[in-house]
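S.K.: First, the structure itself, so that you have it in front of you.
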Amino acid sequence: MIRGIHTCGKTHTVKEFGTTRYPNTAYFDLVLNPTVSNVLDGSLDTEMTLDKLAEIGNTSIDDGTLLIVDGIQASPGAIECLRRISRDRPRIHVICVTLPRIRVPKGIPVTTMRPMSLGEWATACGEREVTEMLRKEYIFTGGIPGAVSAWASDRDAERVRRIQNNILFGYGCDISGRVYRATGRPTNVWGPLPALMRGEVCPKWYKTTLGLLTWEGLVHGTAGGTRLCDVGLLGAMMNVSKEFVASDFPGAEHYRELVEDTISVTERACSEDRITARSRRSPPPTGCTW
């Protein structure tokens, strides 16, 4: 199972992996195609389930196929059905893609995708070495693939910031709506975060919002306070310009500390994820190049 926040590159990565490493890939999105959820409700045996999926996807699902099921958070019950397929047909590999908030049953390997680390960002931008100037560029763009791609293509700072602001706006609309439905009160999704990042106590009225942000994988707690998951989104939330980053944050020592802490946490988490992924690697089915 691959999980991570919206727009961190999960779907693109698993599709590319299937295209380059498997002779056949079958992709289904439970959010865009709820019919697939009905097929994966567990009422059919393995062979009938595979036949139905092949019919819906107008494809074949034979040995050597990589079966990708995206948006599994829309139908968590489908996980058990997919686990049964993996057990009954071990030559068919299954990857589930989901948001962080889903509860994963025991026994299922989980890999978390995060915004790019500094080293990954440099590789994506075609750079061999990380200079101080490139590090400042990373602080501005962060590691969200859409923002990184925009920066790598034409170094357009305004376009990068629009992408980041759109991500924040989308999450803000989603979470504020969920908070309102749960509490009957409006909320300011991003406003209190800078104070929490300074280590201040979370206001009682904001705890539901903070819980949802944490559940979505957007923020996490550290010894120094709450931290956002991506240094680029941090800059967008605090309306920090590219010129301000390039000038070494004059008069903004706290922002510098937040940046360094966010980068450090990202680097450490990505390193741990790579080690975990290597330890779980297993032989591919016949016909794969993995």
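Residue numbering restarts at 1 for every chain of the structure tokens, chains are lettered A, B, ... in their displayed order, and ligands are numbered from 1 as they appear.
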Per DSSP on the backbone, what are the strand (DSSP E or B) residues of range 87-222 of chain A, as a tab-separated table (two decimals) with all heavy atoms, in the first residue's frame?
M.R.:
```
chain	number	residue	atom	x	y	z
A	93	HIS	N	0.42	-8.95	-8.78
A	93	HIS	CA	0.83	-8.03	-7.73
A	93	HIS	C	-0.21	-6.92	-7.58
A	93	HIS	O	-0.75	-6.43	-8.56
A	93	HIS	CB	2.20	-7.43	-8.04
A	93	HIS	CG	3.32	-8.37	-7.72
A	93	HIS	ND1	4.63	-7.97	-7.70
A	93	HIS	CD2	3.32	-9.70	-7.40
A	93	HIS	CE1	5.40	-9.00	-7.36
A	93	HIS	NE2	4.63	-10.05	-7.19
A	94	VAL	N	-0.46	-6.53	-6.33
A	94	VAL	CA	-1.49	-5.54	-6.03
A	94	VAL	C	-0.86	-4.35	-5.30
A	94	VAL	O	-0.13	-4.53	-4.32
A	94	VAL	CB	-2.61	-6.14	-5.16
A	94	VAL	CG1	-3.67	-5.07	-4.85
A	94	VAL	CG2	-3.24	-7.35	-5.83
A	95	ILE	N	-1.14	-3.15	-5.78
A	95	ILE	CA	-0.75	-1.92	-5.09
A	95	ILE	C	-2.01	-1.10	-4.83
A	95	ILE	O	-2.78	-0.81	-5.75
A	95	ILE	CB	0.24	-1.08	-5.91
A	95	ILE	CG1	1.57	-1.82	-6.07
A	95	ILE	CG2	0.49	0.26	-5.24
A	95	ILE	CD1	2.61	-1.03	-6.87
A	96	CYS	N	-2.21	-0.73	-3.58
A	96	CYS	CA	-3.30	0.18	-3.22
A	96	CYS	C	-2.71	1.58	-3.00
A	96	CYS	O	-1.63	1.71	-2.42
A	96	CYS	CB	-4.00	-0.28	-1.95
A	96	CYS	SG	-4.78	-1.89	-2.07
A	97	VAL	N	-3.43	2.59	-3.43
A	97	VAL	CA	-2.99	3.98	-3.26
A	97	VAL	C	-4.04	4.70	-2.43
A	97	VAL	O	-5.24	4.61	-2.73
A	97	VAL	CB	-2.83	4.67	-4.63
A	97	VAL	CG1	-2.35	6.11	-4.44
A	97	VAL	CG2	-1.85	3.90	-5.51
A	98	THR	N	-3.61	5.41	-1.40
A	98	THR	CA	-4.58	6.01	-0.49
A	98	THR	C	-4.02	7.25	0.18
A	98	THR	O	-2.83	7.55	0.08
A	98	THR	CB	-5.01	4.99	0.59
A	98	THR	OG1	-6.02	5.55	1.43
A	98	THR	CG2	-3.82	4.58	1.45
A	111	THR	N	4.01	1.80	2.46
A	111	THR	CA	5.06	2.76	2.15
A	111	THR	C	4.43	4.15	2.09
A	111	THR	O	3.40	4.34	1.44
A	111	THR	CB	5.72	2.45	0.79
A	111	THR	OG1	6.38	1.18	0.88
A	111	THR	CG2	6.75	3.51	0.44
A	112	THR	N	5.02	5.09	2.80
A	112	THR	CA	4.50	6.46	2.81
A	112	THR	C	5.28	7.32	1.83
A	112	THR	O	6.51	7.36	1.89
A	112	THR	CB	4.61	7.07	4.22
A	112	THR	OG1	3.86	6.26	5.14
A	112	THR	CG2	4.07	8.49	4.24
A	219	VAL	N	0.28	18.07	8.78
A	219	VAL	CA	1.08	18.58	9.89
A	219	VAL	C	1.44	17.43	10.82
A	219	VAL	O	0.82	16.38	10.80
A	219	VAL	CB	0.33	19.68	10.69
A	219	VAL	CG1	-0.08	20.82	9.81
A	219	VAL	CG2	-0.88	19.10	11.42
A	220	HIS	N	2.48	17.64	11.60
A	220	HIS	CA	2.87	16.67	12.61
A	220	HIS	C	3.51	17.40	13.77
A	220	HIS	O	3.99	18.53	13.63
A	220	HIS	CB	3.85	15.63	12.03
A	220	HIS	CG	5.02	16.24	11.35
A	220	HIS	ND1	5.04	16.53	10.00
A	220	HIS	CD2	6.23	16.65	11.82
A	220	HIS	CE1	6.20	17.07	9.67
A	220	HIS	NE2	6.94	17.17	10.75
A	221	GLY	N	3.51	16.76	14.91
A	221	GLY	CA	4.08	17.37	16.10
A	221	GLY	C	5.54	17.01	16.28
A	221	GLY	O	5.96	15.90	15.98
A	222	THR	N	6.33	17.97	16.75
A	222	THR	CA	7.73	17.73	17.11
A	222	THR	C	7.96	18.33	18.50
A	222	THR	O	7.06	18.95	19.08
A	222	THR	CB	8.70	18.38	16.11
A	222	THR	OG1	8.62	19.81	16.26
A	222	THR	CG2	8.36	18.00	14.68
```
S.K.: Do you know which residues are at most 10 Å from range 38-49 of chain A counting only C-alpha atoms, after dropping those on the same chain fewer than 6 positions away, and could you put them as a ChimeraX atom specification?
M.R.: /A:30,55-56,75-82,84-89
S.K.: List as a PyMOL selection string the protein and nucleic acid residues near Met237 in chain A, meaning an atom at most 10 Å away when only C-alpha atoms are counted, but skip any in the same chain fewer than 6 places from it.
M.R.: chain A and resi 161+164-165+168-169+190-191+193-194+228+231
S.K.: Do you have the CA of Leu53 in chain A-CA of Cys8 in chain A distance handy?
M.R.: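 Computed distance, CA of Leu53 in chain A to CA of Cys8 in chain A, equals 26.8 Å.
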S.K.: Could you pull the residues within 10 Å of range 205-212 of chain A, counting only C-alpha atoms, minus those fewer than 5 positions along the same chain, as a PDB file with all heavy atoms, in the first residue's frame?
M.R.:
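Dumped everything to part.pdb:
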```pdb
ATOM      1  N   ARG A 101      -5.029   9.028   6.002  1.00  0.00           N
ATOM      2  CA  ARG A 101      -5.995   8.851   7.076  1.00  0.00           C
ATOM      3  C   ARG A 101      -6.548   7.440   7.212  1.00  0.00           C
ATOM      4  O   ARG A 101      -7.199   7.115   8.204  1.00  0.00           O
ATOM      5  CB  ARG A 101      -7.168   9.817   6.885  1.00  0.00           C
ATOM      6  CG  ARG A 101      -7.947   9.642   5.601  1.00  0.00           C
ATOM      7  CD  ARG A 101      -9.154  10.569   5.599  1.00  0.00           C
ATOM      8  NE  ARG A 101      -9.936  10.511   4.372  1.00  0.00           N
ATOM      9  CZ  ARG A 101      -9.921  11.428   3.443  1.00  0.00           C
ATOM     10  NH1 ARG A 101      -9.115  12.462   3.578  1.00  0.00           N
ATOM     11  NH2 ARG A 101     -10.667  11.328   2.370  1.00  0.00           N
ATOM     12  N   GLY A 172      -7.893  23.678   2.549  1.00  0.00           N
ATOM     13  CA  GLY A 172      -8.634  24.549   3.449  1.00  0.00           C
ATOM     14  C   GLY A 172     -10.134  24.423   3.266  1.00  0.00           C
ATOM     15  O   GLY A 172     -10.885  24.337   4.247  1.00  0.00           O
ATOM     16  N   ILE A 175     -11.253  20.801   4.578  1.00  0.00           N
ATOM     17  CA  ILE A 175     -11.212  20.623   6.027  1.00  0.00           C
ATOM     18  C   ILE A 175     -12.180  21.562   6.732  1.00  0.00           C
ATOM     19  O   ILE A 175     -12.850  21.175   7.691  1.00  0.00           O
ATOM     20  CB  ILE A 175      -9.771  20.813   6.540  1.00  0.00           C
ATOM     21  CG1 ILE A 175      -8.923  19.624   6.074  1.00  0.00           C
ATOM     22  CG2 ILE A 175      -9.736  20.954   8.060  1.00  0.00           C
ATOM     23  CD1 ILE A 175      -7.470  19.712   6.409  1.00  0.00           C
ATOM     24  N   SER A 176     -12.303  22.802   6.257  1.00  0.00           N
ATOM     25  CA  SER A 176     -13.261  23.713   6.898  1.00  0.00           C
ATOM     26  C   SER A 176     -14.684  23.191   6.745  1.00  0.00           C
ATOM     27  O   SER A 176     -15.503  23.310   7.668  1.00  0.00           O
ATOM     28  CB  SER A 176     -13.140  25.119   6.297  1.00  0.00           C
ATOM     29  OG  SER A 176     -13.449  25.114   4.912  1.00  0.00           O
ATOM     30  N   ARG A 178     -15.550  19.999   6.537  1.00  0.00           N
ATOM     31  CA  ARG A 178     -15.705  18.852   7.437  1.00  0.00           C
ATOM     32  C   ARG A 178     -15.830  19.299   8.893  1.00  0.00           C
ATOM     33  O   ARG A 178     -16.594  18.713   9.678  1.00  0.00           O
ATOM     34  CB  ARG A 178     -14.528  17.892   7.260  1.00  0.00           C
ATOM     35  CG  ARG A 178     -14.618  17.129   5.947  1.00  0.00           C
ATOM     36  CD  ARG A 178     -13.282  16.658   5.431  1.00  0.00           C
ATOM     37  NE  ARG A 178     -12.625  15.707   6.308  1.00  0.00           N
ATOM     38  CZ  ARG A 178     -11.392  15.262   6.110  1.00  0.00           C
ATOM     39  NH1 ARG A 178     -10.684  15.724   5.082  1.00  0.00           N
ATOM     40  NH2 ARG A 178     -10.873  14.376   6.926  1.00  0.00           N
ATOM     41  N   VAL A 179     -15.080  20.343   9.260  1.00  0.00           N
ATOM     42  CA  VAL A 179     -15.183  20.866  10.625  1.00  0.00           C
ATOM     43  C   VAL A 179     -16.569  21.450  10.852  1.00  0.00           C
ATOM     44  O   VAL A 179     -17.197  21.231  11.906  1.00  0.00           O
ATOM     45  CB  VAL A 179     -14.097  21.934  10.880  1.00  0.00           C
ATOM     46  CG1 VAL A 179     -14.367  22.670  12.199  1.00  0.00           C
ATOM     47  CG2 VAL A 179     -12.717  21.292  10.904  1.00  0.00           C
ATOM     48  N   TYR A 180     -17.083  22.177   9.867  1.00  0.00           N
ATOM     49  CA  TYR A 180     -18.412  22.780  10.013  1.00  0.00           C
ATOM     50  C   TYR A 180     -19.495  21.703  10.158  1.00  0.00           C
ATOM     51  O   TYR A 180     -20.410  21.829  10.978  1.00  0.00           O
ATOM     52  CB  TYR A 180     -18.721  23.672   8.813  1.00  0.00           C
ATOM     53  CG  TYR A 180     -20.019  24.431   8.956  1.00  0.00           C
ATOM     54  CD1 TYR A 180     -20.083  25.592   9.726  1.00  0.00           C
ATOM     55  CD2 TYR A 180     -21.183  23.975   8.342  1.00  0.00           C
ATOM     56  CE1 TYR A 180     -21.271  26.284   9.880  1.00  0.00           C
ATOM     57  CE2 TYR A 180     -22.376  24.658   8.484  1.00  0.00           C
ATOM     58  CZ  TYR A 180     -22.417  25.816   9.256  1.00  0.00           C
ATOM     59  OH  TYR A 180     -23.601  26.486   9.420  1.00  0.00           O
ATOM     60  N   ALA A 182     -19.088  18.788  11.384  1.00  0.00           N
ATOM     61  CA  ALA A 182     -18.910  18.082  12.649  1.00  0.00           C
ATOM     62  C   ALA A 182     -19.276  18.936  13.858  1.00  0.00           C
ATOM     63  O   ALA A 182     -19.790  18.420  14.857  1.00  0.00           O
ATOM     64  CB  ALA A 182     -17.467  17.599  12.791  1.00  0.00           C
ATOM     65  N   THR A 183     -19.012  20.246  13.778  1.00  0.00           N
ATOM     66  CA  THR A 183     -19.191  21.106  14.958  1.00  0.00           C
ATOM     67  C   THR A 183     -20.259  22.170  14.790  1.00  0.00           C
ATOM     68  O   THR A 183     -20.705  22.755  15.782  1.00  0.00           O
ATOM     69  CB  THR A 183     -17.862  21.805  15.312  1.00  0.00           C
ATOM     70  OG1 THR A 183     -17.518  22.720  14.252  1.00  0.00           O
ATOM     71  CG2 THR A 183     -16.745  20.782  15.475  1.00  0.00           C
ATOM     72  N   ARG A 185     -19.622  24.957  13.412  1.00  0.00           N
ATOM     73  CA  ARG A 185     -18.940  26.251  13.509  1.00  0.00           C
ATOM     74  C   ARG A 185     -17.923  26.388  12.377  1.00  0.00           C
ATOM     75  O   ARG A 185     -17.270  25.407  11.998  1.00  0.00           O
ATOM     76  CB  ARG A 185     -18.212  26.384  14.854  1.00  0.00           C
ATOM     77  CG  ARG A 185     -19.103  26.330  16.072  1.00  0.00           C
ATOM     78  CD  ARG A 185     -18.314  26.697  17.322  1.00  0.00           C
ATOM     79  NE  ARG A 185     -17.180  25.801  17.513  1.00  0.00           N
ATOM     80  CZ  ARG A 185     -17.250  24.647  18.170  1.00  0.00           C
ATOM     81  NH1 ARG A 185     -18.404  24.246  18.687  1.00  0.00           N
ATOM     82  NH2 ARG A 185     -16.172  23.899  18.322  1.00  0.00           N
ATOM     83  N   PRO A 186     -17.760  27.599  11.852  1.00  0.00           N
ATOM     84  CA  PRO A 186     -16.700  27.823  10.847  1.00  0.00           C
ATOM     85  C   PRO A 186     -15.333  27.762  11.518  1.00  0.00           C
ATOM     86  O   PRO A 186     -15.219  27.858  12.745  1.00  0.00           O
ATOM     87  CB  PRO A 186     -17.006  29.224  10.317  1.00  0.00           C
ATOM     88  CG  PRO A 186     -17.727  29.901  11.435  1.00  0.00           C
ATOM     89  CD  PRO A 186     -18.528  28.826  12.134  1.00  0.00           C
ATOM     90  N   THR A 187     -14.289  27.611  10.727  1.00  0.00           N
ATOM     91  CA  THR A 187     -12.939  27.545  11.290  1.00  0.00           C
ATOM     92  C   THR A 187     -11.948  28.250  10.375  1.00  0.00           C
ATOM     93  O   THR A 187     -12.186  28.387   9.174  1.00  0.00           O
ATOM     94  CB  THR A 187     -12.505  26.079  11.489  1.00  0.00           C
ATOM     95  OG1 THR A 187     -11.240  26.040  12.160  1.00  0.00           O
ATOM     96  CG2 THR A 187     -12.354  25.362  10.142  1.00  0.00           C
ATOM     97  N   ASN A 188     -10.881  28.699  10.943  1.00  0.00           N
ATOM     98  CA  ASN A 188      -9.760  29.259  10.191  1.00  0.00           C
ATOM     99  C   ASN A 188      -8.702  28.163  10.111  1.00  0.00           C
ATOM    100  O   ASN A 188      -7.998  27.886  11.082  1.00  0.00           O
ATOM    101  CB  ASN A 188      -9.212  30.498  10.909  1.00  0.00           C
ATOM    102  CG  ASN A 188      -8.082  31.159  10.141  1.00  0.00           C
ATOM    103  OD1 ASN A 188      -7.539  30.599   9.201  1.00  0.00           O
ATOM    104  ND2 ASN A 188      -7.726  32.364  10.559  1.00  0.00           N
ATOM    105  N   VAL A 189      -8.579  27.511   8.955  1.00  0.00           N
ATOM    106  CA  VAL A 189      -7.757  26.310   8.847  1.00  0.00           C
ATOM    107  C   VAL A 189      -6.279  26.599   9.077  1.00  0.00           C
ATOM    108  O   VAL A 189      -5.594  25.895   9.817  1.00  0.00           O
ATOM    109  CB  VAL A 189      -7.973  25.629   7.486  1.00  0.00           C
ATOM    110  CG1 VAL A 189      -6.992  24.467   7.291  1.00  0.00           C
ATOM    111  CG2 VAL A 189      -9.407  25.137   7.365  1.00  0.00           C
ATOM    112  N   TRP A 190      -5.746  27.649   8.415  1.00  0.00           N
ATOM    113  CA  TRP A 190      -4.302  27.878   8.446  1.00  0.00           C
ATOM    114  C   TRP A 190      -3.871  28.961   9.418  1.00  0.00           C
ATOM    115  O   TRP A 190      -2.704  28.996   9.835  1.00  0.00           O
ATOM    116  CB  TRP A 190      -3.804  28.232   7.043  1.00  0.00           C
ATOM    117  CG  TRP A 190      -4.161  27.219   6.002  1.00  0.00           C
ATOM    118  CD1 TRP A 190      -5.035  27.364   4.964  1.00  0.00           C
ATOM    119  CD2 TRP A 190      -3.667  25.875   5.902  1.00  0.00           C
ATOM    120  NE1 TRP A 190      -5.121  26.215   4.220  1.00  0.00           N
ATOM    121  CE2 TRP A 190      -4.286  25.277   4.778  1.00  0.00           C
ATOM    122  CE3 TRP A 190      -2.760  25.121   6.650  1.00  0.00           C
ATOM    123  CZ2 TRP A 190      -4.032  23.971   4.392  1.00  0.00           C
ATOM    124  CZ3 TRP A 190      -2.507  23.814   6.271  1.00  0.00           C
ATOM    125  CH2 TRP A 190      -3.137  23.256   5.147  1.00  0.00           C
ATOM    126  N   GLY A 191      -4.776  29.857   9.806  1.00  0.00           N
ATOM    127  CA  GLY A 191      -4.402  31.024  10.608  1.00  0.00           C
ATOM    128  C   GLY A 191      -3.660  30.731  11.898  1.00  0.00           C
ATOM    129  O   GLY A 191      -2.627  31.363  12.186  1.00  0.00           O
ATOM    130  N   PRO A 192      -4.123  29.783  12.723  1.00  0.00           N
ATOM    131  CA  PRO A 192      -3.448  29.547  14.016  1.00  0.00           C
ATOM    132  C   PRO A 192      -2.142  28.770  13.924  1.00  0.00           C
ATOM    133  O   PRO A 192      -1.410  28.695  14.908  1.00  0.00           O
ATOM    134  CB  PRO A 192      -4.487  28.720  14.801  1.00  0.00           C
ATOM    135  CG  PRO A 192      -5.788  28.958  14.107  1.00  0.00           C
ATOM    136  CD  PRO A 192      -5.437  29.127  12.660  1.00  0.00           C
ATOM    137  N   LEU A 193      -1.821  28.189  12.766  1.00  0.00           N
ATOM    138  CA  LEU A 193      -0.643  27.334  12.683  1.00  0.00           C
ATOM    139  C   LEU A 193       0.673  28.040  13.032  1.00  0.00           C
ATOM    140  O   LEU A 193       1.518  27.458  13.726  1.00  0.00           O
ATOM    141  CB  LEU A 193      -0.541  26.696  11.298  1.00  0.00           C
ATOM    142  CG  LEU A 193      -1.310  25.386  11.111  1.00  0.00           C
ATOM    143  CD1 LEU A 193      -1.096  24.839   9.706  1.00  0.00           C
ATOM    144  CD2 LEU A 193      -0.901  24.342  12.145  1.00  0.00           C
ATOM    145  N   LEU A 196       1.179  27.898  16.683  1.00  0.00           N
ATOM    146  CA  LEU A 196       1.477  26.539  17.146  1.00  0.00           C
ATOM    147  C   LEU A 196       2.907  26.145  16.790  1.00  0.00           C
ATOM    148  O   LEU A 196       3.555  25.386  17.508  1.00  0.00           O
ATOM    149  CB  LEU A 196       0.492  25.544  16.523  1.00  0.00           C
ATOM    150  CG  LEU A 196      -0.992  25.749  16.834  1.00  0.00           C
ATOM    151  CD1 LEU A 196      -1.816  24.603  16.272  1.00  0.00           C
ATOM    152  CD2 LEU A 196      -1.221  25.874  18.330  1.00  0.00           C
ATOM    153  N   GLY A 217      -2.093  14.055   7.205  1.00  0.00           N
ATOM    154  CA  GLY A 217      -0.651  14.009   6.987  1.00  0.00           C
ATOM    155  C   GLY A 217      -0.031  15.352   6.660  1.00  0.00           C
ATOM    156  O   GLY A 217       1.143  15.423   6.294  1.00  0.00           O
ATOM    157  N   LEU A 218      -0.792  16.438   6.802  1.00  0.00           N
ATOM    158  CA  LEU A 218      -0.283  17.766   6.442  1.00  0.00           C
ATOM    159  C   LEU A 218       0.571  18.384   7.537  1.00  0.00           C
ATOM    160  O   LEU A 218       1.480  19.161   7.249  1.00  0.00           O
ATOM    161  CB  LEU A 218      -1.457  18.703   6.127  1.00  0.00           C
ATOM    162  CG  LEU A 218      -2.175  18.423   4.810  1.00  0.00           C
ATOM    163  CD1 LEU A 218      -3.501  19.167   4.777  1.00  0.00           C
ATOM    164  CD2 LEU A 218      -1.312  18.849   3.640  1.00  0.00           C
ATOM    165  N   VAL A 219       0.283  18.066   8.780  1.00  0.00           N
ATOM    166  CA  VAL A 219       1.076  18.583   9.889  1.00  0.00           C
ATOM    167  C   VAL A 219       1.443  17.431  10.818  1.00  0.00           C
ATOM    168  O   VAL A 219       0.821  16.377  10.805  1.00  0.00           O
ATOM    169  CB  VAL A 219       0.334  19.679  10.688  1.00  0.00           C
ATOM    170  CG1 VAL A 219      -0.082  20.819   9.806  1.00  0.00           C
ATOM    171  CG2 VAL A 219      -0.876  19.100  11.415  1.00  0.00           C
ATOM    172  N   HIS A 220       2.479  17.644  11.604  1.00  0.00           N
ATOM    173  CA  HIS A 220       2.874  16.666  12.610  1.00  0.00           C
ATOM    174  C   HIS A 220       3.515  17.404  13.766  1.00  0.00           C
ATOM    175  O   HIS A 220       3.989  18.535  13.631  1.00  0.00           O
ATOM    176  CB  HIS A 220       3.846  15.632  12.027  1.00  0.00           C
ATOM    177  CG  HIS A 220       5.021  16.242  11.346  1.00  0.00           C
ATOM    178  ND1 HIS A 220       5.039  16.534  10.002  1.00  0.00           N
ATOM    179  CD2 HIS A 220       6.228  16.649  11.824  1.00  0.00           C
ATOM    180  CE1 HIS A 220       6.198  17.073   9.669  1.00  0.00           C
ATOM    181  NE2 HIS A 220       6.936  17.166  10.751  1.00  0.00           N
ATOM    182  N   THR A 226       4.260  22.313  16.361  1.00  0.00           N
ATOM    183  CA  THR A 226       3.648  21.759  15.158  1.00  0.00           C
ATOM    184  C   THR A 226       4.450  22.141  13.925  1.00  0.00           C
ATOM    185  O   THR A 226       4.965  23.257  13.834  1.00  0.00           O
ATOM    186  CB  THR A 226       2.201  22.285  15.020  1.00  0.00           C
ATOM    187  OG1 THR A 226       1.472  21.920  16.200  1.00  0.00           O
ATOM    188  CG2 THR A 226       1.514  21.673  13.813  1.00  0.00           C
TER     189      THR A 226
END
```
S.K.: Taking 2 positions as the minimum chain separation for residues in the same chain, which residues sit within 9 Å of range 148-160 of chain A when counting only C-alpha atoms? Answer as a JSON list (two decimals) with N, CA, C and O atoms, in the first residue's frame.
M.R.:
```json
[["chain", "number", "residue", "atom", "x", "y", "z"],
["A", 116, "MET", "N", 9.22, 15.71, -1.88],
["A", 116, "MET", "CA", 10.62, 15.38, -2.15],
["A", 116, "MET", "C", 11.56, 15.97, -1.10],
["A", 116, "MET", "O", 11.36, 17.09, -0.63],
["A", 121, "TRP", "N", 14.85, 16.48, -4.82],
["A", 121, "TRP", "CA", 14.53, 17.70, -5.56],
["A", 121, "TRP", "C", 15.65, 18.05, -6.54],
["A", 121, "TRP", "O", 15.41, 18.39, -7.70],
["A", 124, "ALA", "N", 15.54, 15.76, -9.50],
["A", 124, "ALA", "CA", 14.41, 16.09, -10.38],
["A", 124, "ALA", "C", 14.69, 17.34, -11.21],
["A", 124, "ALA", "O", 14.20, 17.47, -12.34],
["A", 125, "CYS", "N", 15.49, 18.25, -10.67],
["A", 125, "CYS", "CA", 15.82, 19.49, -11.39],
["A", 125, "CYS", "C", 17.07, 19.34, -12.25],
["A", 125, "CYS", "O", 17.55, 20.33, -12.84],
["A", 126, "GLY", "N", 17.61, 18.13, -12.31],
["A", 126, "GLY", "CA", 18.77, 17.88, -13.16],
["A", 126, "GLY", "C", 20.08, 18.38, -12.59],
["A", 126, "GLY", "O", 21.04, 18.62, -13.34],
["A", 137, "GLU", "N", 16.54, 27.67, -3.39],
["A", 137, "GLU", "CA", 15.47, 27.41, -4.35],
["A", 137, "GLU", "C", 14.54, 26.32, -3.82],
["A", 137, "GLU", "O", 13.32, 26.41, -3.95],
["A", 138, "TYR", "N", 15.12, 25.29, -3.21],
["A", 138, "TYR", "CA", 14.30, 24.22, -2.64],
["A", 138, "TYR", "C", 13.44, 24.74, -1.50],
["A", 138, "TYR", "O", 12.27, 24.35, -1.36],
["A", 140, "PHE", "N", 12.12, 27.56, -1.29],
["A", 140, "PHE", "CA", 10.98, 28.26, -1.89],
["A", 140, "PHE", "C", 9.99, 27.28, -2.54],
["A", 140, "PHE", "O", 8.78, 27.38, -2.33],
["A", 141, "THR", "N", 10.49, 26.34, -3.33],
["A", 141, "THR", "CA", 9.58, 25.47, -4.08],
["A", 141, "THR", "C", 9.04, 24.32, -3.24],
["A", 141, "THR", "O", 7.92, 23.86, -3.45],
["A", 142, "GLY", "N", 9.83, 23.84, -2.27],
["A", 142, "GLY", "CA", 9.43, 22.66, -1.54],
["A", 142, "GLY", "C", 9.52, 21.42, -2.41],
["A", 142, "GLY", "O", 10.15, 21.43, -3.48],
["A", 143, "GLY", "N", 8.89, 20.35, -1.96],
["A", 143, "GLY", "CA", 9.01, 19.07, -2.65],
["A", 143, "GLY", "C", 7.75, 18.53, -3.26],
["A", 143, "GLY", "O", 7.69, 17.35, -3.65],
["A", 144, "ILE", "N", 6.69, 19.34, -3.39],
["A", 144, "ILE", "CA", 5.47, 18.88, -4.07],
["A", 144, "ILE", "C", 5.78, 18.76, -5.56],
["A", 144, "ILE", "O", 6.24, 19.74, -6.18],
["A", 145, "PRO", "N", 5.56, 17.59, -6.17],
["A", 145, "PRO", "CA", 5.98, 17.37, -7.56],
["A", 145, "PRO", "C", 5.49, 18.43, -8.55],
["A", 145, "PRO", "O", 6.25, 18.83, -9.44],
["A", 146, "GLY", "N", 4.26, 18.90, -8.42],
["A", 146, "GLY", "CA", 3.76, 19.90, -9.35],
["A", 146, "GLY", "C", 4.55, 21.19, -9.29],
["A", 146, "GLY", "O", 4.88, 21.80, -10.32],
["A", 162, "ARG", "N", 1.47, 29.84, -7.15],
["A", 162, "ARG", "CA", 0.06, 29.58, -7.45],
["A", 162, "ARG", "C", -0.29, 28.12, -7.18],
["A", 162, "ARG", "O", -1.35, 27.82, -6.62],
["A", 163, "ILE", "N", 0.60, 27.22, -7.59],
["A", 163, "ILE", "CA", 0.37, 25.80, -7.35],
["A", 163, "ILE", "C", 0.28, 25.51, -5.85],
["A", 163, "ILE", "O", -0.62, 24.81, -5.38],
["A", 164, "GLN", "N", 1.20, 26.07, -5.10],
["A", 164, "GLN", "CA", 1.20, 25.86, -3.65],
["A", 164, "GLN", "C", -0.05, 26.45, -3.00],
["A", 164, "GLN", "O", -0.68, 25.82, -2.14],
["A", 165, "ASN", "N", -0.42, 27.66, -3.42],
["A", 165, "ASN", "CA", -1.61, 28.29, -2.85],
["A", 165, "ASN", "C", -2.88, 27.52, -3.20],
["A", 165, "ASN", "O", -3.80, 27.43, -2.39],
["A", 241, "SER", "N", 8.20, 35.50, 0.14],
["A", 241, "SER", "CA", 8.58, 35.65, -1.27],
["A", 241, "SER", "C", 9.90, 34.95, -1.57],
["A", 241, "SER", "O", 10.70, 34.67, -0.67],
["A", 242, "LYS", "N", 10.14, 34.71, -2.85],
["A", 242, "LYS", "CA", 11.41, 34.11, -3.29],
["A", 242, "LYS", "C", 12.58, 35.03, -2.94],
["A", 242, "LYS", "O", 13.65, 34.57, -2.54]]
```
S.K.: Residues of range 34-126 of chain A that have any atom at most 10 Å from an atom of range 12-24 of chain A: could you tabulate them with the shortest-distance atom pair and the distance in Å to one decimal, using only C-alpha atoms, ordered by chain and increasing number, as a tab-separated table?
M.R.:
```
residue	atom	partner	partner_atom	distance
A:Thr59	CA	A:Asn24	CA	9.1
A:Ser60	CA	A:Asn24	CA	8.1
A:Ile61	CA	A:Asn24	CA	7.9
A:Asp62	CA	A:Asn24	CA	8.4
A:Asp63	CA	A:Asn24	CA	9.2
A:Gly64	CA	A:Pro23	CA	6.7
A:Thr65	CA	A:Asn24	CA	4.8
A:Leu66	CA	A:Gly18	CA	6.2
A:Leu67	CA	A:Gly18	CA	8.7
A:Ile68	CA	A:Val14	CA	7.6
A:Asp70	CA	A:Val14	CA	9.6
A:His93	CA	A:Tyr22	CA	9.7
A:Ile95	CA	A:Val14	CA	7.9
A:Cys96	CA	A:Val14	CA	9.4
A:Val97	CA	A:Val14	CA	8.4
A:Met113	CA	A:Thr13	CA	9.7
```
S.K.: I'd like the interatomic distance between CA of Arg135 in chain A and CA of Leu99 in chain A, to a tenth of an Å.
M.R.: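 Straight-line distance from CA of Arg135 in chain A to CA of Leu99 in chain A works out to 28.6 Å.
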S.K.: Between A:Pro100, A:Gly184, A:Gly170, A:Gly177, single out the one closest to Thr214 in chain A, counting only C-alpha atoms.
M.R.: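 So, comparing all the options, the nearest one is A:Pro100.
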S.K.: Determine which residues of range 7-247 of chain A receive a DSSP assignment of helix (DSSP H, G or I), computed from the backbone, and state them as a VMD selection string.
M.R.: chain A and resid 10 to 21 34 to 39 46 to 57 72 to 74 78 to 88 118 to 124 132 to 141 145 to 154 157 to 183 193 to 197 204 to 215 231 to 237 242 to 246
